[in-house]
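Structure first, commentary second.
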Amino acid sequence: MAIISTFCKKGGVGKTTFIAYLGHYLAKQGKKVLILSVDDQNSVFKVFGVQDKIFDANDNYLEFLIAGHVDLGDILIEARENLYLIKTLNTDKLSLKLTLERSQEKKLQHILHEYASYFDYILVDFPPSSSRITEVLLDISDHILIVVGLDALGLGGFINTIQYFIDNEIDLRGIKYIVPNGYSKNRRAPRISLEQLTTQAQEFTPHAVVLEALAERSIIKNLQAEGISPFDDEIKSELSSYDISNKELLREDLSHMFATLEID
Ligand SMILES: Nc1ncnc2c1ncn2[C@@H]1O[C@H](COP(=O)(O)OP(=O)(O)O)[C@@H](O)[C@H]1O
Ligand SMILES: [Mg+2]
């Protein structure tokens with residue numbers, strides 16, 4: 001079992017999208033996958049079109065498991081075959097508890113340890129803000145992937161992320177991959193940003209591999225509006241044939257990239 005996290009101190013760069021699609025790819029390979037959403041927005045639910053499950057019951061959040069009110073299986077929400085999601089209600093409050101009571105931190109680690117016997121992968125989706133729970137989960141991640149948006153703000157997010165690791169004494173060598181997102185060969189800004197990111201990564205995270213940049217693809221927003229993943233086979237939706245062929249291209253690109261990742 002491996003714990004894999006996508007992180008960046010900047011919102012809207014594609015963290016949730018990347019971890020959701022990676023999770024679905026692994027699930028399609030027959031792996032048992034858990035995606036832990038420690039983002040109060042729980043936006044990973046929307047990627048799979050199960051956002052109605054965020055508010056359908058109010059006792060199945062991670063917090064209720066940590067408090068000992070429910071069992072491990074009670075908070076799992078099945079998004080696809082082999083793919084389960086866990087939602088959080090209030091990460092700030094949870095973080096405060098983790099800070100105040102050391103035993104809570106142990107409990108969280110114990111819970112993850114128990115899930116590890118059921119799942120091949122636990123993927124963690126973080127918000128851009130950071131609190132104690134972020135530090136704890138980054139610390140116990142086997143592999144951290146930093147998703148970076150290819151524009152000036154995105155690069156700023158990369159530097160802030162490095163600073164955050166240093167300030168909180170999180171080992172920078174935990175960063176296995178850097179994922180540049182939003183590349184477009186027809187625009188100058190993403191090209192230059194990618195060059196700058198590569199240079200900065202060599203300086204600050206020399207042990208991390210900078211992956212081939214993910215292209216900016218409008219199909220991603222269309223799919224997410226419909227709650228369809230590129231790894232869904234049957235689709236009963238409003239997608240045009242143009243969108244369907246773009247979905248297949250996206251799926252091929254992602255499969256190619258995911259197959260190269262060493263995340264076991
Ligand atoms: N490669 C991409 N091309 C186009 N849109 C993308 C791409 N990656 C992500 N998006 C879109 O950008 C927005 C932010 O992505 P999200 O994964 O939610 O980012 P984060 O989790 O970092 O906040 C979403 O609307 C998503 O559909
Ligand atoms: Mg997100």
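Ordering of the structure tokens sets the chain letters (A, B, ...), residue numbers begin anew at 1 in every chain, and ligands are numbered from 1 in the order given.
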Set the cut-off to 6 Å, count only C-alpha atoms and all ligand atoms, and list whatever residues fall near ligand 2 as a compact mmCIF listing (two decimals) with N, CA and C atoms, in the first residue's frame.
```txt
# COMPACT_ATOMS: atom_id res chain seq x y z
N LYS A 15 -4.83 20.05 -8.87
CA LYS A 15 -4.52 18.98 -7.91
C LYS A 15 -5.64 17.93 -7.86
N THR A 16 -6.86 18.42 -7.67
CA THR A 16 -7.99 17.49 -7.52
C THR A 16 -8.21 16.68 -8.79
N PRO A 127 -6.49 20.93 0.25
CA PRO A 127 -6.81 22.30 -0.15
C PRO A 127 -5.50 23.09 -0.28
```
Among the residues of stretch 113-239 of chain A, find those DSSP assigns to strand (DSSP E or B) from the backbone and print them as a ChimeraX atom specification. /A:121-125,143-149,175-183,209-210,214-215
Export N, CA and C atoms of the chosen residues as an mmCIF file, in the first residue's frame?
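This went into part07.cif:
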```cif
data_model
loop_
_atom_site.group_PDB
_atom_site.id
_atom_site.type_symbol
_atom_site.label_atom_id
_atom_site.label_comp_id
_atom_site.auth_asym_id
_atom_site.auth_seq_id
_atom_site.Cartn_x
_atom_site.Cartn_y
_atom_site.Cartn_z
ATOM 1 N N TYR A 121 -3.970 1.695 -2.652
ATOM 2 C CA TYR A 121 -3.492 3.083 -2.659
ATOM 3 C C TYR A 121 -4.436 3.953 -1.838
ATOM 4 N N ILE A 122 -3.833 4.840 -1.048
ATOM 5 C CA ILE A 122 -4.614 5.916 -0.437
ATOM 6 C C ILE A 122 -4.105 7.215 -1.046
ATOM 7 N N LEU A 123 -4.998 7.922 -1.736
ATOM 8 C CA LEU A 123 -4.616 9.183 -2.372
ATOM 9 C C LEU A 123 -5.215 10.321 -1.548
ATOM 10 N N VAL A 124 -4.442 11.374 -1.349
ATOM 11 C CA VAL A 124 -4.929 12.469 -0.509
ATOM 12 C C VAL A 124 -5.043 13.744 -1.338
ATOM 13 N N ASP A 125 -6.243 14.333 -1.288
ATOM 14 C CA ASP A 125 -6.483 15.592 -2.004
ATOM 15 C C ASP A 125 -6.561 16.739 -0.999
ATOM 16 N N HIS A 143 4.679 9.218 -1.357
ATOM 17 C CA HIS A 143 5.065 10.008 -2.527
ATOM 18 C C HIS A 143 4.225 11.272 -2.573
ATOM 19 N N ILE A 144 4.898 12.407 -2.770
ATOM 20 C CA ILE A 144 4.172 13.666 -2.904
ATOM 21 C C ILE A 144 4.355 14.172 -4.329
ATOM 22 N N LEU A 145 3.247 14.566 -4.936
ATOM 23 C CA LEU A 145 3.303 15.153 -6.278
ATOM 24 C C LEU A 145 2.888 16.610 -6.162
ATOM 25 N N ILE A 146 3.732 17.496 -6.665
ATOM 26 C CA ILE A 146 3.393 18.921 -6.628
ATOM 27 C C ILE A 146 2.858 19.317 -8.003
ATOM 28 N N VAL A 147 1.609 19.746 -8.038
ATOM 29 C CA VAL A 147 1.003 20.171 -9.296
ATOM 30 C C VAL A 147 1.216 21.682 -9.432
ATOM 31 N N VAL A 148 1.775 22.088 -10.553
ATOM 32 C CA VAL A 148 2.112 23.506 -10.739
ATOM 33 C C VAL A 148 1.427 24.049 -11.997
ATOM 34 N N GLY A 149 0.696 25.131 -11.829
ATOM 35 C CA GLY A 149 0.052 25.791 -12.967
ATOM 36 C C GLY A 149 1.098 26.550 -13.766
ATOM 37 N N ILE A 175 9.029 14.799 -2.108
ATOM 38 C CA ILE A 175 8.456 15.208 -3.403
ATOM 39 C C ILE A 175 9.052 14.332 -4.494
ATOM 40 N N LYS A 176 8.208 13.474 -5.039
ATOM 41 C CA LYS A 176 8.703 12.531 -6.040
ATOM 42 C C LYS A 176 8.566 13.107 -7.450
ATOM 43 N N TYR A 177 7.431 13.741 -7.688
ATOM 44 C CA TYR A 177 7.169 14.278 -9.031
ATOM 45 C C TYR A 177 6.669 15.707 -8.957
ATOM 46 N N ILE A 178 7.008 16.455 -9.988
ATOM 47 C CA ILE A 178 6.423 17.772 -10.186
ATOM 48 C C ILE A 178 5.613 17.682 -11.478
ATOM 49 N N VAL A 179 4.365 18.080 -11.382
ATOM 50 C CA VAL A 179 3.438 17.927 -12.505
ATOM 51 C C VAL A 179 3.076 19.304 -13.063
ATOM 52 N N PRO A 180 3.725 19.713 -14.161
ATOM 53 C CA PRO A 180 3.337 20.998 -14.756
ATOM 54 C C PRO A 180 1.993 20.837 -15.455
ATOM 55 N N ASN A 181 1.080 21.753 -15.213
ATOM 56 C CA ASN A 181 -0.270 21.607 -15.786
ATOM 57 C C ASN A 181 -0.675 22.866 -16.543
ATOM 58 N N GLY A 182 -1.349 22.657 -17.659
ATOM 59 C CA GLY A 182 -1.879 23.774 -18.436
ATOM 60 C C GLY A 182 -0.963 24.224 -19.554
ATOM 61 N N TYR A 183 -0.247 23.267 -20.156
ATOM 62 C CA TYR A 183 0.675 23.622 -21.235
ATOM 63 C C TYR A 183 -0.096 23.883 -22.531
ATOM 64 N N VAL A 209 11.344 14.377 -10.035
ATOM 65 C CA VAL A 209 11.276 14.288 -11.496
ATOM 66 C C VAL A 209 10.195 15.249 -11.986
ATOM 67 N N VAL A 210 10.557 16.108 -12.929
ATOM 68 C CA VAL A 210 9.554 16.980 -13.535
ATOM 69 C C VAL A 210 8.908 16.198 -14.681
ATOM 70 N N LEU A 214 1.227 18.525 -18.642
ATOM 71 C CA LEU A 214 -0.129 18.193 -19.085
ATOM 72 C C LEU A 214 -0.666 19.373 -19.878
ATOM 73 N N ALA A 215 -1.266 19.067 -21.003
ATOM 74 C CA ALA A 215 -1.777 20.137 -21.860
ATOM 75 C C ALA A 215 -3.027 20.756 -21.260
#
```
Contacts of A:Asn222 at 10 Å (only C-alpha atoms; same-chain gap of 6+ positions) as a short mmCIF file (atom, residue, chain, number, x, y, z; two decimals) with C-alpha atoms, in the first residue's frame:
```
data_model
loop_
_atom_site.label_atom_id
_atom_site.label_comp_id
_atom_site.auth_asym_id
_atom_site.auth_seq_id
_atom_site.Cartn_x
_atom_site.Cartn_y
_atom_site.Cartn_z
CA ILE A 228 -17.72 12.05 -16.21
CA LEU A 239 -21.33 14.89 -24.82
CA ASP A 243 -16.11 15.84 -26.94
CA LYS A 247 -12.16 12.44 -23.98
#
```
Nearest residue to ligand 1 from the set A:Asn58, A:Ser229, A:Ser117, A:Gln104 (distances using only C-alpha atoms and all ligand atoms):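 Ranked by minimum distance to ligand 1, first place goes to A:Ser229.
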Shell of 12 Å around A:Leu98, only C-alpha atoms, local chain residues under 2 positions omitted, as an mmCIF file with N, CA and C atoms, in the first residue's frame:
```
data_model
loop_
_atom_site.group_PDB
_atom_site.id
_atom_site.type_symbol
_atom_site.label_atom_id
_atom_site.label_comp_id
_atom_site.auth_asym_id
_atom_site.auth_seq_id
_atom_site.Cartn_x
_atom_site.Cartn_y
_atom_site.Cartn_z
ATOM 1 N N GLU A 63 -14.228 13.180 10.341
ATOM 2 C CA GLU A 63 -14.242 13.625 11.735
ATOM 3 C C GLU A 63 -14.995 12.643 12.642
ATOM 4 N N ILE A 66 -12.778 9.658 13.353
ATOM 5 C CA ILE A 66 -11.725 9.979 14.329
ATOM 6 C C ILE A 66 -12.320 10.088 15.737
ATOM 7 N N ALA A 67 -13.533 10.623 15.806
ATOM 8 C CA ALA A 67 -14.187 10.752 17.117
ATOM 9 C C ALA A 67 -14.686 9.409 17.646
ATOM 10 N N THR A 91 -11.859 21.015 8.108
ATOM 11 C CA THR A 91 -10.451 20.641 8.309
ATOM 12 C C THR A 91 -9.758 21.562 9.313
ATOM 13 N N ASP A 92 -10.241 22.804 9.431
ATOM 14 C CA ASP A 92 -9.618 23.713 10.408
ATOM 15 C C ASP A 92 -9.860 23.212 11.830
ATOM 16 N N LYS A 93 -11.082 22.786 12.062
ATOM 17 C CA LYS A 93 -11.425 22.289 13.388
ATOM 18 C C LYS A 93 -10.657 20.998 13.681
ATOM 19 N N LEU A 94 -10.603 20.141 12.655
ATOM 20 C CA LEU A 94 -9.869 18.885 12.806
ATOM 21 C C LEU A 94 -8.397 19.174 13.112
ATOM 22 N N SER A 95 -7.840 20.166 12.417
ATOM 23 C CA SER A 95 -6.440 20.526 12.627
ATOM 24 C C SER A 95 -6.205 21.047 14.029
ATOM 25 N N LEU A 96 -7.156 21.847 14.492
ATOM 26 C CA LEU A 96 -7.035 22.400 15.841
ATOM 27 C C LEU A 96 -7.001 21.261 16.859
ATOM 28 N N LEU A 100 -4.103 20.341 19.483
ATOM 29 C CA LEU A 100 -4.348 20.362 20.928
ATOM 30 C C LEU A 100 -4.131 19.000 21.585
ATOM 31 N N GLU A 101 -4.533 17.957 20.866
ATOM 32 C CA GLU A 101 -4.451 16.620 21.470
ATOM 33 C C GLU A 101 -3.571 15.707 20.639
ATOM 34 N N ARG A 102 -2.448 15.360 21.179
ATOM 35 C CA ARG A 102 -1.522 14.461 20.475
ATOM 36 C C ARG A 102 -2.171 13.123 20.134
ATOM 37 N N SER A 103 -3.095 12.683 20.993
ATOM 38 C CA SER A 103 -3.719 11.375 20.792
ATOM 39 C C SER A 103 -4.530 11.342 19.491
ATOM 40 N N GLN A 104 -5.050 12.503 19.087
ATOM 41 C CA GLN A 104 -5.849 12.568 17.855
ATOM 42 C C GLN A 104 -4.979 12.273 16.631
ATOM 43 N N GLU A 105 -3.747 12.749 16.709
ATOM 44 C CA GLU A 105 -2.817 12.528 15.601
ATOM 45 C C GLU A 105 -2.516 11.036 15.463
ATOM 46 N N LYS A 106 -2.296 10.421 16.600
ATOM 47 C CA LYS A 106 -2.045 8.960 16.629
ATOM 48 C C LYS A 106 -3.245 8.209 16.071
ATOM 49 N N LYS A 107 -4.426 8.693 16.421
ATOM 50 C CA LYS A 107 -5.659 8.042 15.981
ATOM 51 C C LYS A 107 -5.783 8.110 14.458
ATOM 52 N N LEU A 108 -5.468 9.279 13.903
ATOM 53 C CA LEU A 108 -5.531 9.444 12.446
ATOM 54 C C LEU A 108 -4.556 8.481 11.776
ATOM 55 N N GLN A 109 -3.362 8.381 12.336
ATOM 56 C CA GLN A 109 -2.365 7.472 11.768
ATOM 57 C C GLN A 109 -2.822 6.024 11.882
ATOM 58 N N SER A 131 -2.890 23.431 7.203
ATOM 59 C CA SER A 131 -3.061 23.411 8.642
ATOM 60 C C SER A 131 -2.427 22.127 9.147
ATOM 61 N N ARG A 132 -2.615 21.834 10.400
ATOM 62 C CA ARG A 132 -1.918 20.704 11.024
ATOM 63 C C ARG A 132 -2.184 19.388 10.289
ATOM 64 N N ILE A 133 -3.414 19.206 9.822
ATOM 65 C CA ILE A 133 -3.725 17.923 9.175
ATOM 66 C C ILE A 133 -2.918 17.778 7.873
ATOM 67 N N THR A 134 -2.669 18.902 7.214
ATOM 68 C CA THR A 134 -1.853 18.868 6.000
ATOM 69 C C THR A 134 -0.441 18.392 6.333
ATOM 70 N N GLU A 135 0.129 18.975 7.385
ATOM 71 C CA GLU A 135 1.494 18.589 7.780
ATOM 72 C C GLU A 135 1.568 17.105 8.128
ATOM 73 N N VAL A 136 0.581 16.655 8.905
ATOM 74 C CA VAL A 136 0.594 15.259 9.343
ATOM 75 C C VAL A 136 0.506 14.326 8.138
ATOM 76 N N LEU A 137 -0.421 14.629 7.231
ATOM 77 C CA LEU A 137 -0.625 13.728 6.088
ATOM 78 C C LEU A 137 0.520 13.809 5.076
#
```
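The space between atom CA of A:Ile159 and atom CA of A:Pro128 spans 13.3 Å.
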If we count only C-alpha atoms and set the cut-off at 8 Å, which residues sit around A:Leu83, ignoring sequence neighbours fewer than 2 positions away in its own chain? Please answer as a list of chain:residue names.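 In the requested format, the answer is A:Gly23, A:His24, A:Ala27, A:Lys32, A:Val33, A:Leu34, A:Ile35, A:Glu78, A:Ala79, A:Arg80, A:Glu81, A:Leu85.
Interatomic distance, atom 27 (O, counted along the ligand's line) of ligand 1 to atom CA of A:Lys9: 17.8 Å.
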Would you mind listing what lies within 9 Å of A:Thr17 as a list in words, with only C-alpha atoms counted and same-chain residues fewer than 6 positions away left out?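 Skipping anything fewer than 6 positions along the chain leaves Val44, Val47, Ile220 and Gln224 of chain A.
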Counting only C-alpha atoms, the option among A:Asp71, A:Glu234, A:Glu114, A:Asp120 closest to A:Met1: A:Asp120
Pick from A:Glu203, A:Glu216, A:Asp139, A:Asp167 nearest to ligand 1, counting only C-alpha atoms and all ligand atoms: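 Of all the options, A:Glu216 lies closest to ligand 1.
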A:Tyr118, A:Phe7, A:Tyr164, A:Tyr84 ranked by distance to ligand 1, top pick (using only C-alpha atoms and all ligand atoms):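 Distance minimum relative to ligand 1 lands on A:Phe7.
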